[in-house]
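Structure file data-v8.txt with compact mmCIF, C-alpha atoms and all ligand atoms:
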```
# COMPACT_ATOMS: atom_id res chain seq x y z
CA MET A 1269 -19.58 -30.18 -3.44
CA ASN A 1270 -19.48 -29.35 -7.15
CA ALA A 1271 -18.00 -31.53 -9.90
CA ASP A 1272 -14.70 -29.61 -10.05
CA GLN A 1273 -14.08 -30.00 -6.34
CA ALA A 1274 -14.93 -33.68 -6.48
CA GLN A 1275 -12.09 -34.28 -8.97
CA VAL A 1276 -9.45 -32.81 -6.65
CA PRO A 1277 -7.77 -35.42 -4.44
CA SER A 1278 -8.13 -34.56 -0.78
CA ASN A 1279 -5.51 -34.90 1.91
CA GLN A 1280 -7.13 -33.30 4.89
CA THR A 1281 -5.42 -34.91 7.88
CA GLY A 1282 -1.94 -35.27 9.39
CA SER A 1283 0.23 -32.60 10.97
CA VAL A 1284 1.83 -29.46 9.58
CA VAL A 1285 4.43 -27.28 11.27
CA VAL A 1286 5.06 -23.80 9.88
CA VAL A 1287 8.42 -22.22 10.76
CA GLY A 1288 8.38 -18.41 10.86
CA ALA A 1289 5.35 -16.26 11.65
CA GLY A 1290 5.57 -13.47 9.10
CA VAL A 1291 3.04 -12.90 6.33
CA ALA A 1292 4.01 -16.13 4.57
CA GLY A 1293 3.95 -18.27 7.72
CA TRP A 1294 0.65 -16.97 9.06
CA ARG A 1295 -1.03 -17.07 5.63
CA ALA A 1296 0.07 -20.71 5.20
CA ALA A 1297 -1.53 -21.66 8.51
CA ARG A 1298 -4.72 -19.72 7.83
CA ASP A 1299 -5.11 -21.06 4.30
CA LEU A 1300 -4.60 -24.66 5.40
CA ARG A 1301 -7.81 -24.15 7.39
CA ASN A 1302 -9.48 -22.23 4.56
CA ALA A 1303 -8.72 -25.20 2.30
CA GLY A 1304 -10.43 -27.53 4.76
CA PHE A 1305 -7.31 -29.12 6.23
CA ALA A 1306 -8.47 -30.84 9.42
CA GLY A 1307 -5.16 -32.05 10.85
CA SER A 1308 -3.02 -30.22 13.39
CA VAL A 1309 -1.38 -26.92 12.44
CA THR A 1310 1.40 -25.39 14.54
CA VAL A 1311 3.24 -22.17 13.76
CA VAL A 1312 6.61 -21.66 15.45
CA GLY A 1313 7.96 -18.15 15.15
CA ASP A 1314 10.36 -16.02 17.16
CA GLU A 1315 7.99 -13.03 17.11
CA ALA A 1316 4.24 -12.48 16.90
CA PRO A 1317 2.83 -12.14 13.36
CA TYR A 1318 2.68 -8.57 12.08
CA ASP A 1319 2.84 -6.88 8.72
CA ARG A 1320 6.08 -5.27 7.58
CA PRO A 1321 5.09 -2.88 4.76
CA PRO A 1322 3.66 -0.25 7.17
CA LEU A 1323 6.95 -0.22 9.14
CA SER A 1324 8.48 2.25 6.67
CA LYS A 1325 5.18 4.05 6.02
CA GLN A 1326 2.12 4.47 8.29
CA TYR A 1327 3.56 2.73 11.39
CA LEU A 1328 6.76 4.78 11.14
CA ALA A 1329 4.65 7.91 10.75
CA GLY A 1330 2.65 6.99 13.88
CA GLU A 1331 -0.59 6.64 11.90
CA PHE A 1332 -0.98 2.89 12.51
CA ASP A 1333 -0.74 1.23 15.93
CA ASP A 1334 0.23 -2.35 16.82
CA ALA A 1335 -3.33 -3.66 16.42
CA ARG A 1336 -3.52 -2.24 12.90
CA ILE A 1337 -0.40 -4.13 11.74
CA SER A 1338 -1.30 -7.46 13.35
CA LEU A 1339 -1.63 -10.18 10.74
CA TYR A 1340 -4.45 -11.86 12.66
CA ARG A 1341 -6.89 -9.11 11.67
CA GLY A 1342 -9.44 -10.30 14.16
CA GLU A 1343 -8.94 -13.99 13.31
CA GLU A 1344 -7.07 -15.19 16.40
CA PRO A 1345 -5.20 -18.52 16.11
CA GLY A 1346 -7.54 -20.21 18.60
CA SER A 1347 -10.58 -19.36 16.52
CA ILE A 1348 -9.22 -21.41 13.59
CA ASP A 1349 -7.61 -24.10 15.76
CA VAL A 1350 -4.01 -23.12 14.99
CA THR A 1351 -1.34 -23.34 17.69
CA VAL A 1352 1.18 -20.49 17.64
CA ARG A 1353 4.35 -20.99 19.66
CA GLU A 1354 6.85 -18.22 20.23
CA ALA A 1355 10.22 -20.00 19.95
CA ARG A 1356 13.30 -20.08 17.80
CA VAL A 1357 13.80 -23.01 15.47
CA ALA A 1358 17.33 -24.39 15.24
CA SER A 1359 16.91 -26.86 12.39
CA VAL A 1360 14.49 -28.32 9.89
CA ARG A 1361 14.84 -31.77 8.39
CA SER A 1362 12.29 -34.05 6.71
CA GLY A 1363 9.59 -34.80 9.27
CA VAL A 1364 11.18 -32.96 12.19
CA VAL A 1365 11.61 -29.42 13.47
CA THR A 1366 14.13 -28.90 16.26
CA LEU A 1367 13.75 -25.88 18.53
CA ALA A 1368 16.70 -23.92 19.91
CA ASP A 1369 16.19 -25.54 23.34
CA GLY A 1370 16.48 -29.01 21.80
CA GLU A 1371 12.77 -29.90 21.80
CA THR A 1372 11.68 -31.67 18.63
CA ILE A 1373 8.31 -31.49 16.88
CA GLU A 1374 7.43 -34.15 14.33
CA ALA A 1375 5.28 -33.27 11.33
CA ASP A 1376 4.03 -34.84 8.12
CA ALA A 1377 4.72 -31.59 6.27
CA ILE A 1378 6.84 -28.58 7.19
CA ILE A 1379 6.54 -25.11 5.66
CA VAL A 1380 9.57 -22.88 6.17
CA ALA A 1381 8.96 -19.12 6.01
CA THR A 1382 11.84 -17.59 7.93
CA GLY A 1383 12.21 -14.42 5.83
CA SER A 1384 15.13 -12.05 6.10
CA THR A 1385 17.02 -9.76 8.45
CA ALA A 1386 18.23 -6.24 7.69
CA ARG A 1387 21.77 -6.38 6.40
CA ARG A 1388 24.26 -4.64 8.67
CA PRO A 1389 27.61 -4.63 6.90
CA ALA A 1390 30.72 -4.39 9.08
CA MET A 1391 30.97 -0.68 8.19
CA LEU A 1392 27.96 0.03 10.46
CA GLU A 1393 29.29 -1.74 13.52
CA GLY A 1394 29.90 0.53 16.49
CA HIS A 1395 27.98 3.42 14.91
CA ASP A 1396 24.58 4.83 15.78
CA VAL A 1397 22.92 3.84 12.50
CA HIS A 1398 19.37 2.51 12.27
CA THR A 1399 18.26 -0.34 10.05
CA LEU A 1400 14.65 -1.37 9.44
CA ARG A 1401 13.15 -4.83 9.36
CA THR A 1402 11.25 -5.36 12.60
CA ARG A 1403 8.52 -3.57 14.52
CA GLU A 1404 11.11 -2.65 17.18
CA ASP A 1405 13.37 -1.16 14.47
CA SER A 1406 10.48 0.98 13.26
CA GLN A 1407 9.62 2.10 16.82
CA ALA A 1408 13.26 3.07 17.46
CA LEU A 1409 13.46 5.01 14.20
CA ARG A 1410 10.14 6.72 14.88
CA ALA A 1411 11.38 7.86 18.31
CA ALA A 1412 14.66 9.10 16.82
CA ILE A 1413 13.09 11.13 14.02
CA ALA A 1414 10.51 12.62 16.38
CA ASP A 1415 13.30 14.61 18.06
CA ALA A 1416 15.37 15.26 14.95
CA GLY A 1417 15.70 17.96 12.32
CA SER A 1418 17.56 15.96 9.70
CA LEU A 1419 17.88 12.42 8.38
CA LEU A 1420 20.61 10.83 6.28
CA VAL A 1421 19.50 7.74 4.37
CA LEU A 1422 22.26 5.44 3.17
CA GLY A 1423 20.93 3.34 0.30
CA GLY A 1424 18.16 4.42 -2.06
CA GLY A 1425 16.28 1.17 -2.50
CA PHE A 1426 12.59 0.79 -1.65
CA ILE A 1427 12.96 0.89 2.11
CA GLY A 1428 15.41 3.82 2.05
CA ALA A 1429 13.18 5.78 -0.34
CA GLU A 1430 10.05 5.10 1.73
CA VAL A 1431 11.72 6.11 5.00
CA ALA A 1432 12.96 9.27 3.29
CA ALA A 1433 9.42 10.09 2.14
CA THR A 1434 7.93 9.46 5.59
CA ALA A 1435 10.57 11.58 7.33
CA ARG A 1436 10.33 14.39 4.78
CA THR A 1437 6.56 14.45 5.18
CA ALA A 1438 7.16 14.80 8.93
CA GLY A 1439 9.24 17.91 8.18
CA LEU A 1440 12.83 16.65 8.43
CA GLU A 1441 15.62 17.73 6.08
CA VAL A 1442 16.43 14.51 4.22
CA THR A 1443 19.42 13.40 2.14
CA ILE A 1444 19.65 10.04 0.35
CA VAL A 1445 22.97 8.54 -0.76
CA GLU A 1446 22.70 5.83 -3.43
CA LEU A 1447 25.52 3.97 -5.11
CA GLN A 1448 23.59 3.39 -8.36
CA PRO A 1449 23.08 6.29 -10.79
CA GLN A 1450 19.35 6.38 -9.88
CA LEU A 1451 17.18 5.70 -6.87
CA LEU A 1452 15.57 2.27 -7.29
CA GLY A 1453 17.46 1.94 -10.57
CA ALA A 1454 18.58 -1.58 -9.73
CA ALA A 1455 14.97 -2.68 -9.10
CA LEU A 1456 13.02 -0.70 -11.69
CA GLY A 1457 15.53 0.45 -14.30
CA ASP A 1458 16.85 3.94 -14.98
CA ALA A 1459 13.73 5.58 -16.45
CA CYS A 1460 11.48 4.54 -13.57
CA GLY A 1461 14.25 5.42 -11.13
CA GLU A 1462 14.36 8.93 -12.59
CA ARG A 1463 10.58 9.19 -12.28
CA VAL A 1464 10.81 8.35 -8.56
CA GLU A 1465 13.73 10.72 -8.10
CA ARG A 1466 11.66 13.57 -9.50
CA VAL A 1467 9.03 12.99 -6.83
CA HIS A 1468 11.66 13.15 -4.10
CA ARG A 1469 13.26 16.29 -5.54
CA GLU A 1470 9.86 17.98 -5.79
CA HIS A 1471 9.43 17.28 -2.09
CA GLY A 1472 12.82 18.82 -1.31
CA VAL A 1473 14.89 15.69 -0.65
CA GLU A 1474 18.57 16.01 -1.52
CA LEU A 1475 19.79 13.11 -3.67
CA VAL A 1476 23.42 12.07 -3.88
CA THR A 1477 23.58 9.30 -6.47
CA GLY A 1478 26.31 7.32 -8.17
CA VAL A 1479 28.47 7.53 -5.04
CA GLY A 1480 29.17 4.91 -2.39
CA VAL A 1481 29.76 5.23 1.33
CA ASP A 1482 33.43 4.57 2.06
CA ARG A 1483 33.24 4.59 5.86
CA LEU A 1484 31.49 6.02 8.87
CA GLU A 1485 33.18 8.10 11.54
CA ASP A 1486 31.98 9.34 14.91
CA ARG A 1487 32.75 13.01 15.50
CA ASP A 1488 31.53 14.87 18.59
CA GLY A 1489 28.65 12.45 19.01
CA ALA A 1490 27.56 12.68 15.36
CA THR A 1491 27.82 9.94 12.75
CA VAL A 1492 29.57 11.19 9.63
CA ALA A 1493 29.37 9.28 6.33
CA VAL A 1494 32.54 9.69 4.29
CA LEU A 1495 31.67 9.03 0.64
CA THR A 1496 33.97 7.43 -1.91
CA ASP A 1497 34.39 10.82 -3.64
CA GLY A 1498 35.57 12.39 -0.38
CA ARG A 1499 32.34 14.23 0.44
CA GLU A 1500 31.23 14.08 4.06
CA LEU A 1501 27.58 14.03 5.12
CA THR A 1502 25.96 13.98 8.51
CA ALA A 1503 22.51 14.38 10.05
CA ASP A 1504 20.77 14.06 13.41
CA VAL A 1505 19.67 10.52 12.49
CA VAL A 1506 21.28 8.05 10.08
CA VAL A 1507 19.48 5.03 8.65
CA ALA A 1508 20.90 2.39 6.31
CA GLY A 1509 18.82 0.51 3.76
CA PHE A 1510 21.45 -1.90 2.54
CA GLY A 1511 19.15 -4.81 1.71
CA ALA A 1512 18.42 -7.98 3.62
CA SER A 1513 20.15 -11.26 4.43
CA LEU A 1514 18.08 -14.41 4.26
CA ASN A 1515 17.36 -16.40 7.43
CA LEU A 1516 18.49 -19.84 6.30
CA THR A 1517 20.30 -21.25 9.34
CA VAL A 1518 17.58 -23.86 9.87
CA PHE A 1519 19.00 -25.61 6.79
CA ASP A 1520 22.65 -25.49 7.93
CA GLY A 1521 24.28 -28.86 7.48
CA ALA A 1522 21.47 -30.22 5.31
CA GLY A 1523 23.66 -30.21 2.20
CA LEU A 1524 21.40 -27.80 0.25
CA ASP A 1525 22.47 -25.13 -2.23
CA LEU A 1526 21.65 -21.96 -0.27
CA SER A 1527 23.56 -19.50 -2.44
CA ASN A 1528 20.41 -17.53 -3.34
CA GLY A 1529 17.69 -18.80 -1.04
CA VAL A 1530 16.39 -22.31 -0.77
CA VAL A 1531 15.91 -24.06 -4.10
CA CYS A 1532 12.40 -25.43 -4.62
CA ASP A 1533 10.41 -27.02 -7.41
CA ALA A 1534 7.63 -25.02 -9.09
CA SER A 1535 5.26 -25.84 -6.19
CA GLY A 1536 7.56 -24.86 -3.33
CA ARG A 1537 8.90 -28.32 -2.40
CA VAL A 1538 12.47 -27.95 -1.13
CA ALA A 1539 14.87 -29.87 -3.37
CA GLY A 1540 16.53 -32.53 -1.24
CA LEU A 1541 14.19 -32.49 1.79
CA ASP A 1542 11.05 -34.59 1.36
CA GLY A 1543 7.92 -33.13 2.89
CA VAL A 1544 9.51 -29.70 3.39
CA PHE A 1545 8.23 -26.59 1.57
CA ALA A 1546 9.66 -23.05 1.50
CA VAL A 1547 7.69 -19.84 0.92
CA GLY A 1548 8.26 -16.09 1.05
CA ASP A 1549 11.50 -14.15 0.90
CA ILE A 1550 13.74 -17.22 1.34
CA ALA A 1551 12.11 -19.35 -1.36
CA ALA A 1552 13.58 -19.70 -4.86
CA TRP A 1553 10.84 -21.53 -6.75
CA HIS A 1554 11.64 -23.10 -10.10
CA ASP A 1555 10.46 -20.83 -12.91
CA PRO A 1556 9.33 -22.90 -15.91
CA VAL A 1557 9.82 -20.00 -18.38
CA LEU A 1558 13.36 -19.10 -17.33
CA ASP A 1559 14.11 -22.71 -16.33
CA ARG A 1560 15.87 -21.65 -13.13
CA PRO A 1561 14.97 -20.84 -9.54
CA VAL A 1562 13.58 -17.31 -9.02
CA ARG A 1563 13.28 -15.59 -5.67
CA ARG A 1564 11.24 -12.46 -4.93
CA GLU A 1565 11.07 -10.34 -1.78
CA HIS A 1566 7.52 -9.06 -1.97
CA TRP A 1567 4.55 -9.21 0.37
CA GLN A 1568 1.97 -10.37 -2.17
CA VAL A 1569 4.22 -13.07 -3.61
CA ALA A 1570 4.97 -14.37 -0.09
CA GLY A 1571 1.26 -14.66 0.68
CA GLU A 1572 0.37 -16.29 -2.63
CA GLN A 1573 3.15 -18.86 -2.36
CA ALA A 1574 2.01 -19.69 1.17
CA SER A 1575 -1.58 -20.05 0.04
CA PHE A 1576 -0.56 -22.29 -2.86
CA VAL A 1577 1.49 -24.57 -0.59
CA ALA A 1578 -1.32 -24.72 1.98
CA ARG A 1579 -3.77 -25.80 -0.72
CA THR A 1580 -1.23 -28.27 -2.12
CA ILE A 1581 -0.90 -29.92 1.30
CA ALA A 1582 -4.67 -29.89 1.75
CA GLY A 1583 -5.03 -31.52 -1.67
CA THR A 1584 -7.13 -28.82 -3.29
CA VAL A 1585 -4.63 -27.83 -6.00
CA ASP A 1586 -4.37 -29.42 -9.41
CA GLU A 1587 -2.83 -28.51 -12.76
CA THR A 1588 -5.77 -26.23 -13.58
CA THR A 1589 -5.23 -24.06 -10.49
CA LYS A 1590 -4.60 -20.47 -11.59
CA ARG A 1591 -1.59 -18.55 -10.30
CA ASN A 1592 -1.42 -14.78 -10.26
CA PRO A 1593 1.47 -12.89 -11.82
CA PRO A 1594 3.80 -11.27 -9.28
CA TYR A 1595 2.80 -7.90 -7.83
CA PHE A 1596 4.37 -5.42 -5.49
CA TRP A 1597 3.97 -1.79 -4.53
CA SER A 1598 5.73 1.04 -2.79
CA ASP A 1599 4.19 4.19 -1.27
CA GLN A 1600 6.22 7.37 -1.39
CA TYR A 1601 4.41 10.59 -0.40
CA ASP A 1602 1.04 10.38 -2.15
CA VAL A 1603 2.45 8.37 -5.06
CA LYS A 1604 1.77 4.65 -5.15
CA VAL A 1605 4.29 2.80 -7.33
CA GLN A 1606 2.87 -0.55 -8.45
CA VAL A 1607 4.67 -3.29 -10.33
CA PHE A 1608 2.58 -6.04 -11.88
CA GLY A 1609 3.79 -8.87 -14.07
CA ARG A 1610 7.23 -10.05 -15.08
CA PRO A 1611 9.51 -7.26 -16.35
CA GLU A 1612 12.41 -9.74 -16.45
CA LEU A 1613 10.80 -11.46 -19.46
CA ALA A 1614 10.66 -8.28 -21.59
CA ASP A 1615 12.69 -7.52 -24.68
CA ARG A 1616 11.68 -3.83 -24.70
CA ALA A 1617 10.21 -1.24 -22.37
CA GLY A 1618 8.97 2.33 -22.53
CA TRP A 1619 6.32 4.82 -21.37
CA LEU A 1620 2.84 3.88 -22.50
CA GLU A 1621 0.99 6.69 -24.24
CA GLU A 1622 -2.75 6.14 -24.02
CA ASP A 1623 -5.82 8.32 -23.91
CA GLY A 1624 -6.89 9.14 -20.38
CA VAL A 1625 -3.51 8.31 -18.87
CA ASP A 1626 -1.13 11.04 -17.70
CA PRO A 1627 2.29 11.03 -19.38
CA GLU A 1628 4.89 8.99 -17.51
CA SER A 1629 2.28 7.13 -15.47
CA VAL A 1630 2.66 3.68 -17.00
CA TRP A 1631 5.98 2.10 -17.89
CA ALA A 1632 5.25 -0.95 -20.02
CA TYR A 1633 7.32 -4.07 -20.61
CA HIS A 1634 6.75 -6.01 -23.83
CA ARG A 1635 8.04 -9.30 -25.12
CA GLY A 1636 7.32 -9.22 -28.82
CA ASP A 1637 3.77 -7.88 -28.94
CA ALA A 1638 2.81 -9.27 -25.55
CA LEU A 1639 2.50 -6.91 -22.59
CA VAL A 1640 4.32 -8.81 -19.80
CA GLY A 1641 4.57 -6.18 -17.07
CA VAL A 1642 3.78 -2.62 -16.04
CA VAL A 1643 5.05 -0.16 -13.49
CA THR A 1644 2.43 2.44 -12.66
CA PHE A 1645 2.92 5.72 -10.83
CA GLY A 1646 0.15 7.27 -8.78
CA ILE A 1647 -2.80 5.64 -10.54
CA PRO A 1648 -3.85 2.81 -8.20
CA ARG A 1649 -7.37 2.64 -9.62
CA LEU A 1650 -6.08 2.25 -13.16
CA LEU A 1651 -3.86 -0.73 -12.37
CA GLY A 1652 -6.99 -2.86 -12.51
CA ALA A 1653 -7.27 -2.03 -16.21
CA TYR A 1654 -3.77 -3.36 -16.91
CA ARG A 1655 -3.99 -6.54 -14.85
CA PRO A 1656 -6.00 -8.54 -17.42
CA ARG A 1657 -3.86 -7.27 -20.28
CA VAL A 1658 -0.64 -8.29 -18.55
CA THR A 1659 -2.11 -11.62 -17.45
CA GLU A 1660 -3.16 -12.34 -21.05
CA GLY A 1661 0.22 -11.23 -22.40
CA LEU A 1662 2.03 -13.47 -19.94
CA ALA A 1663 -0.19 -16.41 -20.85
CA THR A 1664 0.98 -16.18 -24.48
CA VAL A 1665 4.62 -16.01 -23.42
CA THR A 1666 4.49 -18.82 -20.88
CA ALA A 1667 2.57 -21.05 -23.28
CA SER A 1668 5.13 -20.59 -26.10
C1 LIG A 1701 10.11 -1.93 6.14
C2 LIG A 1701 9.60 -2.86 5.07
C3 LIG A 1701 8.69 -2.39 4.14
C4 LIG A 1701 8.21 -3.23 3.13
N1 LIG A 1701 7.31 -2.73 2.23
C5 LIG A 1701 6.86 -3.52 1.24
C6 LIG A 1701 5.93 -3.03 0.28
O1 LIG A 1701 5.51 -1.88 0.32
N2 LIG A 1701 5.50 -3.88 -0.70
C7 LIG A 1701 5.94 -5.17 -0.78
O2 LIG A 1701 5.54 -5.88 -1.71
N3 LIG A 1701 6.82 -5.67 0.12
C8 LIG A 1701 7.29 -4.88 1.12
N4 LIG A 1701 8.19 -5.37 2.02
C9 LIG A 1701 8.65 -6.77 1.88
C10 LIG A 1701 7.69 -7.75 2.57
O3 LIG A 1701 7.35 -7.26 3.84
C11 LIG A 1701 8.39 -9.10 2.65
O4 LIG A 1701 8.54 -9.59 1.34
C12 LIG A 1701 7.58 -10.08 3.50
O5 LIG A 1701 7.55 -9.63 4.84
C13 LIG A 1701 8.19 -11.47 3.43
O6 LIG A 1701 7.46 -12.30 4.27
P1 LIG A 1701 8.08 -13.62 4.91
O7 LIG A 1701 6.97 -14.20 5.71
O8 LIG A 1701 8.75 -14.41 3.86
O9 LIG A 1701 9.26 -13.12 5.86
P2 LIG A 1701 9.26 -12.21 7.15
O10 LIG A 1701 8.22 -11.16 7.08
O11 LIG A 1701 10.68 -11.78 7.32
O12 LIG A 1701 8.87 -13.19 8.35
C14 LIG A 1701 9.73 -14.23 8.75
C15 LIG A 1701 9.51 -14.49 10.23
O13 LIG A 1701 10.24 -15.66 10.60
C16 LIG A 1701 10.93 -15.42 11.81
N5 LIG A 1701 12.09 -16.33 11.91
C17 LIG A 1701 13.25 -16.27 11.22
N6 LIG A 1701 14.07 -17.28 11.57
C18 LIG A 1701 13.41 -17.98 12.50
C19 LIG A 1701 13.73 -19.14 13.27
N7 LIG A 1701 14.90 -19.78 13.12
N8 LIG A 1701 12.84 -19.59 14.18
C20 LIG A 1701 11.64 -18.96 14.32
N9 LIG A 1701 11.27 -17.86 13.62
C21 LIG A 1701 12.14 -17.38 12.73
C22 LIG A 1701 11.32 -13.96 11.68
O14 LIG A 1701 11.68 -13.39 12.92
C23 LIG A 1701 10.04 -13.37 11.11
O15 LIG A 1701 9.12 -13.08 12.12
C24 LIG A 1701 8.67 -4.57 3.05
C25 LIG A 1701 9.61 -5.03 3.98
C26 LIG A 1701 10.06 -4.20 4.99
C27 LIG A 1701 11.07 -4.71 5.99
```
Whole structure, structure tokens version:
Amino acid sequence: MNADQAQVPSNQTGSVVVVGAGVAGWRAARDLRNAGFAGSVTVVGDEAPYDRPPLSKQYLAGEFDDARISLYRGEEPGSIDVTVREARVASVRSGVVTLADGETIEADAIIVATGSTARRPAMLEGHDVHTLRTREDSQALRAAIADAGSLLVLGGGFIGAEVAATARTAGLEVTIVELQPQLLGAALGDACGERVERVHREHGVELVTGVGVDRLEDRDGATVAVLTDGRELTADVVVAGFGASLNLTVFDGAGLDLSNGVVCDASGRVAGLDGVFAVGDIAAWHDPVLDRPVRREHWQVAGEQASFVARTIAGTVDETTKRNPPYFWSDQYDVKVQVFGRPELADRAGWLEEDGVDPESVWAYHRGDALVGVVTFGIPRLLGAYRPRVTEGLATVTAS
């Protein structure tokens, strides 16, 4: 043991229950062991752990199979002494997890990672419209597009845009309807949205933007989307990417503010429930710069929060522990869109013009002179060059 490790207080025994077996849940369990935690670790999830990002990309395209999207990646629970139970959790309170069948499991610490569910607004009910969140959703969509000539995508967010790209690559005629003026505009801003739109247009996708879906109708076995401007669109297969609703029922009746996820301190401790942590899509961790809870729905953030909480419980985290800036990506055709840093802290943004970089490849966010975030298009190898610059820029902002 080196001197640094010796200074970190150690808390390596006791029991931990993880609720939810997505990327955040499984990573929390695995990293408890990686951090040397020797107590009992139980993961309770209502499905086996698998990765979601390929569900709109390689798994949907049939390029990845079930083994390839398993989160275990060869490290089975038994090999690291983790118990995984397939069950639904009804409630979480300090020290106790109650399963849907009434069984209770006591724990010294509980990590909640219940994620989200695809939003299905009432408008979709009774219509043959796909949504995409689970492996089964992806399998059903894959089977549907295999026999189809056309796809209508309602909602041009990340998942809608990725499904459109996958289906177009498979040869379908694809139309996307998006309420905002640009695809991904709400997430990335108009200029980046336009950049993504160009890629879709170049691939022959029809974009209908700035128009909402008023209602769906069934006509002769086809689903017809009636838009708010009166236009009517239909296709062999219809998929809606209308966002996700958070799975927070385990906190029902606990008296928490659940208006935008579960409110946590800056280390993931749930406010109002001692010994309970929240990680991943549901978790709104306190942001010291903005002085408010911030929630993100990204794979990397979910894993890093889980790892941080695992190490906190194991006692191997202290105030010097480094935390990575947020990162997420999206793959559309052969273009990888990567977002690194904290665009929300910027006071200006624009295309970066630098030697060796194609025009409109790097959208940069500055706060004063500090580079606080970038969105890159189709230059995955170059992102590495921006990471240290953004990390340094953020350090000056967060320290001020
Ligand atoms: C199609 C798709 C593509 C994506 N692509 C990208 C991408 O390219 N890049 C990126 O950064 N992010 C992407 N994401 C987002 C990323 O996958 C999520 O941010 C991540 O999965 C969040 O992990 P999580 O563990 O918090 O939640 P989840 O992955 O939702 O896992 C939560 C688990 O908990 C279970 N659960 C819920 N309630 C209970 C209960 N009461 N009892 C027991 N179990 C319960 C759920 O069934 C689920 O298995 C994508 C998401 C989807 C759906």
Would you list the residues that come within 6 Å of ligand LIG 1701 (chain A)? Count all atoms listed in the file and give the answer as a VMD selection string. chain A and resid 1287 to 1293 1312 to 1315 1320 to 1321 1323 to 1324 1355 to 1358 1381 to 1384 1400 to 1401 1427 1515 1518 1548 to 1549 1565 to 1568 1570 1596 to 1598
Counting all atoms listed in the file, write as a ChimeraX atom specification all protein and nucleic acid residues lying at most 6 Å from (16.9, -20.0, -8.1) in the file's frame. /A:1531,1552,1560-1562
Residue neighbourhood Leu1452 in chain A, 9 Å, only C-alpha atoms, exclusion window fewer than 6 positions, as an mmCIF file with C-alpha atoms, in the frame of the given file:
```cif
data_model
loop_
_atom_site.group_PDB
_atom_site.id
_atom_site.type_symbol
_atom_site.label_atom_id
_atom_site.label_comp_id
_atom_site.auth_asym_id
_atom_site.auth_seq_id
_atom_site.Cartn_x
_atom_site.Cartn_y
_atom_site.Cartn_z
ATOM 1 C CA GLY A 1424 18.160 4.420 -2.060
ATOM 2 C CA GLY A 1425 16.280 1.170 -2.500
ATOM 3 C CA PHE A 1426 12.590 0.790 -1.650
ATOM 4 C CA ALA A 1429 13.180 5.780 -0.340
ATOM 5 C CA GLU A 1446 22.700 5.830 -3.430
ATOM 6 C CA ASP A 1458 16.850 3.940 -14.980
ATOM 7 C CA CYS A 1460 11.480 4.540 -13.570
ATOM 8 C CA GLY A 1461 14.250 5.420 -11.130
ATOM 9 C CA GLU A 1462 14.360 8.930 -12.590
ATOM 10 C CA VAL A 1464 10.810 8.350 -8.560
ATOM 11 C CA GLU A 1465 13.730 10.720 -8.100
#
```
Quick one: distance from CA of Phe1510 in chain A to CA of Val1421 in chain A in Å, one decimal? 10.0 Å
List the neighbours of range 1607-1622 of chain A out to 6 Å using all atoms listed in the file; skip same-chain residues closer than 6 positions along the sequence, and give me the result as JSON, numbers by chain. {"A": [1593, 1594, 1595, 1596, 1628, 1630, 1631, 1632, 1633, 1634, 1635, 1640, 1641, 1642, 1643]}
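Taking only C-alpha atoms into account, Gly1307 in chain A lies nearest to A:Thr1351 out of the set A:Gly1536, A:Tyr1340, A:Thr1351, A:Trp1294.
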Using all atoms listed in the file, which residue out of A:Val1544, A:Ala1539, A:Ile1379, A:Ala1435 lies closest to Ser1362 in chain A?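 Ranked by minimum distance to Ser1362 in chain A, first place goes to A:Val1544.
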